[in-house]
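Novice: Mind having a look at this structure? Questions to follow.
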Amino acid sequence: MDYKQILEIIKNFNKSQATTLEIEKDNFKLKLNKNENPYIKPVEKFLTYADENINTIIEETNEGIEIKSPLVGTFYASSVPSDEPFVKVNQKVEKGQTLCIIEAMKIMNEIVAPISGTIVAIKHSNGSFIGYDQVLMIIIKNKE
């Protein structure tokens with residue numbers, strides 16, 4: 001099950017009258033609960049964060065545009081360790097192209113290019129622990 005499928009399930013769950021949902025498929029398990037407990041973040045809040053903020057934390061510096069992690073997790077340069085990385089230094093990328101994956105709570109979150117440009121720095125190696133708002137890569141915008 002991929003990230004987009006999970007988000008679709010969460011959206012449908014939020015729209016439904018159901019208060020709990022459990023899905024198990026292969027080695028994947030998802031439990032959703034519309035609980036009023038103040039110590040449990042409602043699914044709606046998670047969905048809002050994922051939809052609005054994932055892949056959008058950027059900051060322009062003298063070096064270029066810093067692409068920052070929108071969550072805490074593990075950095076993966078490719079979807080499978082034996083595969084080539086999604087991007088390399090000096091590689092041109094298109095807006096929306098996958099740059100890396102951040103695994104958080106067993107969910108693989110694709111980080112995509114917010115603009116078309118050239119990758120000038122990759123700040124982490126495969127399997128590195130990443131903190132929130134930590135710079136992942138630096139990209140220079142393509143001249144139009």
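For the structure tokens, the naming scheme is as follows: chains receive sequential letters (A, B, ...) according to their order of presentation, residues are indexed from 1 within each chain, and ligands are indexed from 1 in presentation order.
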Assign secondary structure with DSSP using the backbone only, and return the residues of chain A in helix (DSSP H, G or I) as JSON, numbers by chain.
Specialist: {"A": [3, 4, 5, 6, 7, 8, 9, 10, 11, 12, 13, 14, 15, 43, 44, 45, 46, 47, 48, 49, 50, 51, 52, 53]}
Novice: For Asn90 (chain A), which residue out of A:Val135, A:Leu7, A:Ile130, A:Ile140 is the nearest one, using only C-alpha atoms?
Specialist: A:Ile140
Novice: Between A:Lys95, A:Lys68, A:Lys34, A:Lys11, which has the minimum distance to Thr118 (chain A) (counting only C-alpha atoms)?
Specialist: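 Distance minimum relative to Thr118 (chain A) lands on A:Lys95.
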Novice: Find the residue from A:Thr19, A:Gln91, A:Ser125, A:Asn14 that sits nearest to Ser78 (chain A); use only C-alpha atoms when measuring.
Specialist: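 Of the candidates, the smallest distance to Ser78 (chain A) is held by A:Ser125.
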Novice: Interatomic distance between CA of Ile102 (chain A) and CA of Phe75 (chain A)?
Specialist: 4.8 Å
